[in-house]
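Text of upload08.txt, listed as compact mmCIF, C-alpha atoms:
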# COMPACT_ATOMS: atom_id res chain seq x y z
CA MET A 1 -113.98 -69.61 -81.92
CA ILE A 2 -117.21 -70.58 -83.70
CA ASP A 3 -118.82 -67.78 -85.69
CA VAL A 4 -122.34 -68.17 -84.33
CA SER A 5 -123.75 -65.16 -86.17
CA ALA A 6 -122.72 -66.42 -89.61
CA TRP A 7 -124.09 -69.89 -88.89
CA VAL A 8 -127.45 -68.53 -87.80
CA THR A 9 -127.65 -66.06 -90.68
CA HIS A 10 -127.09 -68.77 -93.26
CA ALA A 11 -128.97 -71.60 -91.57
CA THR A 12 -131.74 -71.72 -94.19
CA ARG A 13 -132.48 -70.54 -97.72
CA GLU A 14 -135.06 -68.10 -96.34
CA PRO A 15 -133.56 -65.51 -93.97
CA SER A 16 -135.35 -64.80 -90.72
CA ASP A 17 -137.66 -61.82 -90.26
CA ASP A 18 -135.17 -60.31 -87.80
CA PHE A 19 -132.35 -60.53 -90.30
CA LEU A 20 -134.49 -59.11 -93.12
CA THR A 21 -135.51 -56.21 -90.88
CA ALA A 22 -131.85 -55.52 -90.18
CA LEU A 23 -131.09 -55.76 -93.92
CA ASP A 24 -133.84 -53.23 -94.62
CA ARG A 25 -132.37 -50.83 -92.06
CA ARG A 26 -128.88 -51.27 -93.54
CA TRP A 27 -130.17 -50.55 -97.06
CA ARG A 28 -132.06 -47.41 -95.97
CA ALA A 29 -129.00 -46.18 -94.08
CA ALA A 30 -126.87 -46.57 -97.22
CA VAL A 31 -129.31 -44.51 -99.29
CA THR A 32 -129.38 -41.65 -96.79
CA ASP A 33 -125.66 -41.71 -95.87
CA SER A 34 -124.36 -38.20 -96.56
CA THR A 35 -120.76 -39.23 -95.83
CA VAL A 36 -120.48 -41.50 -98.89
CA ASN A 37 -118.34 -39.90 -101.60
CA CYS A 38 -119.53 -42.23 -104.36
CA ALA A 39 -122.96 -41.06 -105.56
CA PRO A 40 -124.04 -44.32 -107.26
CA LEU A 41 -123.80 -46.14 -103.93
CA THR A 42 -126.57 -43.98 -102.49
CA ASP A 43 -129.22 -44.40 -105.17
CA PRO A 44 -132.03 -46.70 -104.04
CA LEU A 45 -131.72 -49.41 -106.70
CA ARG A 46 -127.97 -49.92 -106.53
CA ALA A 47 -127.98 -49.90 -102.73
CA PHE A 48 -130.82 -52.45 -102.78
CA VAL A 49 -128.98 -54.71 -105.24
CA ILE A 50 -125.70 -54.50 -103.34
CA ALA A 51 -127.36 -55.45 -100.06
CA HIS A 52 -129.06 -58.51 -101.50
CA VAL A 53 -126.24 -59.76 -103.69
CA ASP A 54 -123.81 -59.36 -100.81
CA ARG A 55 -126.04 -61.54 -98.62
CA ALA A 56 -126.09 -64.34 -101.19
CA ALA A 57 -122.39 -63.98 -102.01
CA HIS A 58 -121.33 -63.88 -98.35
CA LYS A 59 -123.10 -67.18 -97.78
CA ARG A 60 -121.05 -68.77 -100.59
CA ARG A 61 -117.82 -66.84 -99.99
CA LEU A 62 -117.84 -65.51 -103.55
CA ARG A 63 -115.60 -62.72 -104.73
CA THR A 64 -118.07 -60.05 -105.84
CA VAL A 65 -117.35 -56.91 -107.86
CA VAL A 66 -119.97 -54.19 -108.28
CA VAL A 67 -119.75 -52.16 -111.50
CA LEU A 68 -120.55 -48.47 -111.08
CA PRO A 69 -120.56 -45.54 -113.50
CA GLY A 70 -118.10 -42.71 -113.17
CA GLU A 71 -114.34 -42.48 -112.83
CA THR A 72 -112.22 -44.32 -110.29
CA HIS A 73 -111.44 -42.22 -107.22
CA GLU A 74 -109.08 -42.55 -104.30
CA ASP A 75 -111.78 -42.82 -101.63
CA ASP A 76 -112.65 -46.35 -100.62
CA HIS A 77 -116.23 -47.60 -100.87
CA GLY A 78 -116.59 -48.77 -97.31
CA PHE A 79 -117.40 -52.23 -96.05
CA THR A 80 -119.93 -54.64 -97.47
CA PRO A 81 -123.44 -54.68 -95.95
CA MET A 82 -122.79 -58.12 -94.44
CA SER A 83 -119.77 -56.75 -92.60
CA ASP A 84 -122.25 -54.70 -90.57
CA LEU A 85 -124.94 -57.37 -90.33
CA VAL A 86 -122.58 -60.20 -89.31
CA PRO A 87 -119.99 -58.35 -87.18
CA SER A 88 -118.57 -61.55 -85.66
CA ASP A 89 -117.74 -63.14 -89.01
CA MET A 90 -114.55 -65.17 -88.59
CA PHE A 91 -113.17 -63.65 -91.82
CA GLY A 92 -113.56 -60.11 -90.51
CA PRO A 93 -115.05 -57.10 -92.30
CA GLN A 94 -114.81 -57.12 -96.10
CA SER A 95 -114.26 -54.03 -98.23
CA LEU A 96 -116.79 -53.48 -100.99
CA GLU A 97 -115.01 -54.19 -104.28
CA VAL A 98 -115.99 -51.79 -107.05
CA LEU A 99 -115.11 -51.31 -110.70
CA HIS A 100 -115.85 -47.84 -112.09
CA CYS A 101 -116.54 -47.98 -115.83
CA GLY A 102 -116.60 -44.25 -116.60
CA ASP A 103 -119.06 -43.48 -119.38
CA GLU A 104 -118.84 -46.99 -120.81
CA SER A 105 -121.54 -49.64 -120.55
CA ALA A 106 -121.65 -51.22 -117.12
CA LEU A 107 -122.80 -54.54 -118.58
CA ALA A 108 -120.06 -54.61 -121.22
CA ALA A 109 -117.46 -53.81 -118.55
CA ALA A 110 -118.86 -56.57 -116.34
CA LEU A 111 -118.63 -59.13 -119.14
CA GLU A 112 -115.04 -58.16 -119.87
CA LEU A 113 -114.08 -58.45 -116.20
CA ALA A 114 -115.76 -61.87 -115.90
CA LYS A 115 -113.53 -63.16 -118.70
CA THR A 116 -110.44 -62.53 -116.57
CA ASP A 117 -111.42 -64.54 -113.48
CA PRO A 118 -113.43 -67.80 -113.50
CA HIS A 119 -114.37 -67.34 -109.85
CA VAL A 120 -115.66 -63.76 -109.85
CA LEU A 121 -119.30 -62.64 -109.62
CA VAL A 122 -119.75 -59.27 -111.35
CA VAL A 123 -122.88 -57.19 -110.72
CA PRO A 124 -123.90 -54.32 -113.03
CA VAL A 125 -127.09 -52.26 -112.75
CA ILE A 126 -128.48 -51.09 -116.09
CA THR A 127 -131.60 -49.78 -117.79
CA GLU A 128 -133.37 -51.18 -120.84
CA ARG A 129 -132.32 -48.15 -122.84
CA GLN A 130 -128.66 -48.78 -122.00
CA PHE A 131 -128.97 -52.46 -122.87
CA ALA A 132 -130.57 -51.81 -126.26
CA ASP A 133 -128.13 -49.06 -127.32
CA ILE A 134 -127.38 -50.03 -130.92
CA ASP A 135 -123.75 -48.90 -130.68
CA ILE A 136 -122.89 -51.39 -127.93
CA PHE A 137 -125.70 -53.94 -128.17
CA ASP A 138 -123.40 -56.73 -129.40
CA ALA A 139 -121.18 -56.26 -126.35
CA HIS A 140 -124.13 -57.15 -124.08
CA SER A 141 -124.60 -60.73 -125.25
CA ALA A 142 -124.41 -63.43 -122.60
CA ALA A 143 -122.95 -65.70 -125.29
CA LEU A 144 -119.65 -63.90 -124.69
CA LEU A 145 -119.32 -65.88 -121.46
CA ARG A 146 -117.98 -69.44 -121.48
CA PRO A 147 -119.17 -71.09 -118.26
CA GLU A 148 -116.23 -73.50 -118.14
CA TYR A 149 -113.61 -70.73 -118.42
CA HIS A 150 -115.12 -67.44 -117.30
CA GLY A 151 -116.68 -65.90 -114.23
CA VAL A 152 -120.32 -64.94 -113.82
CA VAL A 153 -122.21 -61.73 -114.55
CA LEU A 154 -125.50 -61.19 -112.73
CA PRO A 155 -127.11 -58.03 -114.18
CA PHE A 156 -129.99 -56.10 -112.65
CA MET A 157 -132.17 -54.04 -114.98
CA TYR A 158 -134.47 -51.22 -113.92
CA ALA A 159 -138.02 -50.98 -115.30
CA PRO A 160 -140.88 -48.71 -114.18
CA LEU A 161 -143.65 -50.25 -112.10
CA ALA A 162 -146.39 -48.98 -114.40
CA GLU A 163 -144.91 -50.23 -117.66
CA PRO A 164 -147.36 -51.56 -120.29
CA PHE A 165 -147.57 -55.34 -120.59
CA ASP A 166 -146.52 -55.29 -124.25
CA GLU A 167 -143.32 -53.43 -123.40
CA ALA A 168 -142.45 -56.00 -120.76
CA ILE A 169 -142.91 -58.84 -123.26
CA GLU A 170 -140.76 -57.08 -125.87
CA ARG A 171 -138.00 -56.63 -123.31
CA GLU A 172 -138.17 -60.29 -122.30
CA ASP A 173 -137.85 -61.36 -125.94
CA LEU A 174 -134.91 -59.04 -126.52
CA LEU A 175 -133.05 -60.26 -123.45
CA ARG A 176 -133.66 -63.92 -124.20
CA ALA A 177 -132.39 -63.45 -127.75
CA SER A 178 -129.18 -62.08 -126.18
CA GLY A 179 -128.74 -65.11 -123.96
CA TRP A 180 -130.29 -63.85 -120.75
CA GLY A 181 -132.98 -65.71 -118.82
CA THR A 182 -135.04 -63.04 -117.09
CA TYR A 183 -136.65 -62.90 -113.67
CA THR A 184 -138.88 -59.96 -112.70
CA VAL A 185 -139.52 -58.62 -109.20
CA ASP A 186 -141.81 -55.73 -108.26
CA VAL A 187 -140.57 -53.50 -105.47
CA ASP A 188 -143.35 -51.26 -104.18
CA PHE A 189 -143.18 -50.37 -100.50
CA THR A 190 -146.58 -48.66 -100.71
CA LEU A 191 -148.27 -52.03 -101.31
CA GLN A 192 -146.08 -54.57 -99.52
CA GLU A 193 -144.37 -54.87 -96.18
CA PRO A 194 -140.59 -54.34 -96.38
CA VAL A 195 -139.82 -57.76 -94.88
CA ASP A 196 -141.99 -59.47 -97.50
CA ILE A 197 -140.22 -57.68 -100.35
CA HIS A 198 -136.77 -58.47 -98.99
CA ARG A 199 -137.73 -62.11 -98.39
CA HIS A 200 -138.94 -62.51 -101.97
CA VAL A 201 -135.73 -61.05 -103.41
CA ALA A 202 -133.51 -63.06 -101.03
CA VAL A 203 -135.16 -66.36 -101.97
CA LEU A 204 -134.97 -65.46 -105.67
CA LEU A 205 -131.23 -64.92 -105.35
CA GLU A 206 -130.89 -68.30 -103.66
CA ASP A 207 -132.54 -69.87 -106.71
CA LEU A 208 -130.40 -67.88 -109.15
CA CYS A 209 -127.17 -68.82 -107.39
CA ASP A 210 -128.23 -72.46 -107.62
CA GLU A 211 -128.99 -72.00 -111.32
CA ILE A 212 -125.59 -70.44 -111.93
CA SER A 213 -123.88 -73.27 -110.06
CA GLN A 214 -125.76 -75.79 -112.20
CA ASN A 215 -124.67 -74.03 -115.39
CA LYS A 216 -121.07 -74.19 -114.22
CA ALA A 217 -121.34 -77.84 -113.21
CA ASP A 218 -122.97 -78.85 -116.50
CA ALA A 219 -120.27 -77.04 -118.45
CA ALA A 220 -117.53 -78.77 -116.48
CA ALA A 221 -119.21 -82.14 -117.10
CA ARG A 222 -119.49 -81.36 -120.85
CA VAL A 223 -123.23 -82.04 -120.85
CA LEU A 224 -124.41 -78.67 -122.20
CA LEU A 225 -125.85 -79.03 -125.70
CA SER A 226 -126.03 -75.25 -126.20
CA PRO A 227 -124.90 -72.11 -124.37
CA PRO A 228 -126.91 -71.65 -121.17
CA LEU A 229 -129.22 -68.75 -120.46
CA TRP A 230 -127.64 -66.67 -117.70
CA PRO A 231 -130.02 -65.09 -115.17
CA LEU A 232 -130.83 -61.38 -115.29
CA VAL A 233 -133.11 -59.71 -112.74
CA THR A 234 -135.54 -57.00 -113.85
CA VAL A 235 -136.49 -54.81 -110.88
CA ARG A 236 -139.72 -52.92 -111.48
CA ALA A 237 -139.69 -49.99 -109.08
CA PRO A 238 -140.83 -46.34 -108.77
CA GLU A 239 -139.46 -43.83 -111.28
CA THR A 240 -137.31 -42.30 -108.55
CA TRP A 241 -135.34 -45.57 -108.52
CA ASP A 242 -134.27 -45.18 -112.14
CA PRO A 243 -130.44 -45.26 -111.89
CA GLU A 244 -130.06 -42.84 -114.81
CA ARG A 245 -132.33 -40.25 -113.13
CA CYS A 246 -130.52 -40.65 -109.82
CA LEU A 247 -127.18 -39.81 -111.40
CA SER A 248 -128.44 -36.85 -113.40
CA ALA A 249 -127.64 -33.45 -111.94
CA ASP A 250 -130.88 -32.12 -113.40
CA ASP A 251 -132.84 -34.74 -111.47
CA ALA A 252 -131.09 -34.35 -108.12
CA ARG A 253 -134.39 -33.30 -106.57
CA ASP A 254 -135.95 -36.58 -107.71
CA ALA A 255 -133.10 -38.50 -106.10
CA GLU A 256 -133.74 -36.67 -102.84
CA GLY A 257 -137.41 -37.54 -103.15
CA ALA A 258 -136.47 -41.19 -103.49
CA ARG A 259 -134.60 -41.01 -100.22
CA ARG A 260 -137.60 -39.46 -98.49
CA GLU A 261 -139.81 -42.27 -99.76
CA LEU A 262 -137.71 -44.70 -97.76
CA SER A 263 -138.52 -43.06 -94.44
When written as structure tokens, how does the structure in this file appear?
Amino acid sequence: MIDVSAWVTHATREPSDDFLTALDRRWRAAVTDSTVNCAPLTDPLRAFVIAHVDRAAHKRRLRTVVVLPGETHEDDHGFTPMSDLVPSDMFGPQSLEVLHCGDESALAAALELAKTDPHVLVVPVITERQFADIDIFDAHSAALLRPEYHGVVLPFMYAPLAEPFDEAIEREDLLRASGWGTYTVDVDFTLQEPVDIHRHVAVLLEDLCDEISQNKADAAARVLLSPPLWPLVTVRAPETWDPERCLSADDARDAEGARRELS
């Protein structure tokens, strides 16, 4: 039986408005889902990243692992967003694959995991403060990845919408020096329509997946003259999207406010 839904969903690089509307609903439902036993899955930024990366990965049938803080627990993490959005997928529903890194750096854990599987796509969500932590800064270098032997890490970094221009430039320089090519997206639902925001992020991920594929192909062909810059996405969003604030017990009220902003 032909999987019509999957064919239609992935017919073009730019998803349809209907699909993006459904993606928006799925993301908002994840943020407000009181039945989820894994708190990081319900903060706005991580839920947003998971929805969009899963769309791009589903199209390419990539094995994707999301890195989350906290300890491993027995409860499963549910199905991937695309399992809900493409219910007639010929491969059936897919469980969301998660690595809990405890109190360790999510990016460092992602890099270590990528070294074990050349086909895996590992997705950590971090903040600039976590990235620049002097005690683990060396473990965040993209140079640790060998494109011909290792998997891929696609990090997402939170930054506040109202950050000063100079701070943004300093961050870009720091990331580039560590081997990351940065791409910045602003997510502000008070100024833009949800479909427009989701479309912009979806098309960006199409470009980044192509860039990653090119890095891999160039490495296999032995035409790289130097280590490639691996893409990293900086998401500038409201303060209530800060993943550190969302996981802090003292800021639980702010996390609840973030959920209300989505309605």
Task: Separation of CA of Val201 (chain A) from CA of Gly70 (chain A), in Å and rounded to one decimal - done: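 So the answer is 27.2 Å.
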Task: Closest of A:Leu175, A:Val223, A:Ile50, A:Leu111 to Gly151 (chain A) - atom-to-atom distances counting only C-alpha atoms - done: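 Among the listed residues, A:Leu111 lies closest to Gly151 (chain A).
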TODO: Counting all atoms listed in the file, figure out which residue out of A:Pro69, A:Pro238, A:Ala114, A:Met90 gets nearest to Thr190 (chain A).
DONE: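 Selected residue with least distance to Thr190 (chain A): A:Pro238.
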- [ ] Can you work out which one of A:Val98, A:Glu104, A:Glu167, A:Tyr149 has the shortest atom-to-atom distance to Ile136 (chain A), counting only C-alpha atoms?
- [x]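 Residue with the minimum atom-to-atom distance to Ile136 (chain A): A:Glu104.
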Polymer residues at most 7 Å from Ala142 (chain A), only C-alpha atoms, same-chain spacing of 2 or more positions, as a compact mmCIF listing (two decimals) with C-alpha atoms, keeping the file's coordinate frame:
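Okay, out-v3.txt is ready:
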# COMPACT_ATOMS: atom_id res chain seq x y z
CA HIS A 140 -124.13 -57.15 -124.08
CA LEU A 144 -119.65 -63.90 -124.69
CA LEU A 145 -119.32 -65.88 -121.46
CA SER A 178 -129.18 -62.08 -126.18
CA GLY A 179 -128.74 -65.11 -123.96
CA TRP A 180 -130.29 -63.85 -120.75
CA TRP A 230 -127.64 -66.67 -117.70
Open item on the list: as a VMD selection string, please: the residues near Ala57 (chain A) (cut-off 10 Å, all atoms listed in the file, same-chain neighbours under 2 positions excluded).
Closed with: chain A and resid 52 to 55 59 to 64 82 121 205 to 206 209
TODO: Measure the distance from CA of Ala51 (chain A) to CA of Asp24 (chain A) in Å and round it to one decimal.
DONE: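 Going from CA of Ala51 (chain A) over to CA of Asp24 (chain A), I get 8.7 Å.
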Open item on the list: Between CA of Leu85 (chain A) and CA of Pro15 (chain A), what is the distance in Å, rounded to a tenth?
Closed with: 12.4 Å
Task: Contacts of Asp17 (chain A) within 10 Å, all atoms listed in the file, excl. fewer than 4 positions in-chain, as number ranges by chain - done: A: 21-23, 195-196, 198-199
Task: Nearest-residue call for Glu163 (chain A), choices A:Val235, A:His100, A:His200, A:Leu229, using only C-alpha atoms - done: A:Val235
- [ ] Find the residue from A:Thr116, A:Thr127, A:Arg245, A:His73 that sits nearest to Gly102 (chain A); use all atoms listed in the file when measuring.
- [x] A:His73
Task: Glu128 (chain A) environment, 9 Å, all atoms listed in the file, sequence neighbours closer than 4 positions dropped, as JSON, numbers by chain - done: {"A": [132, 133, 157, 158, 159, 171]}
- [ ] Give the answer as one residue: which of A:Thr182, A:His119, A:Ala162, A:Gln192 has the shortest atom-to-atom distance to Ser213 (chain A), using all atoms listed in the file?
- [x]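 Nearest to Ser213 (chain A): A:His119.
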TODO: Extract, using all atoms listed in the file, all DNA, RNA and protein residues at most 8 Å from Ser105 (chain A), discarding same-chain residues fewer than 4 positions from it, and format them as number ranges by chain.
DONE: A: 101, 109, 130, 136
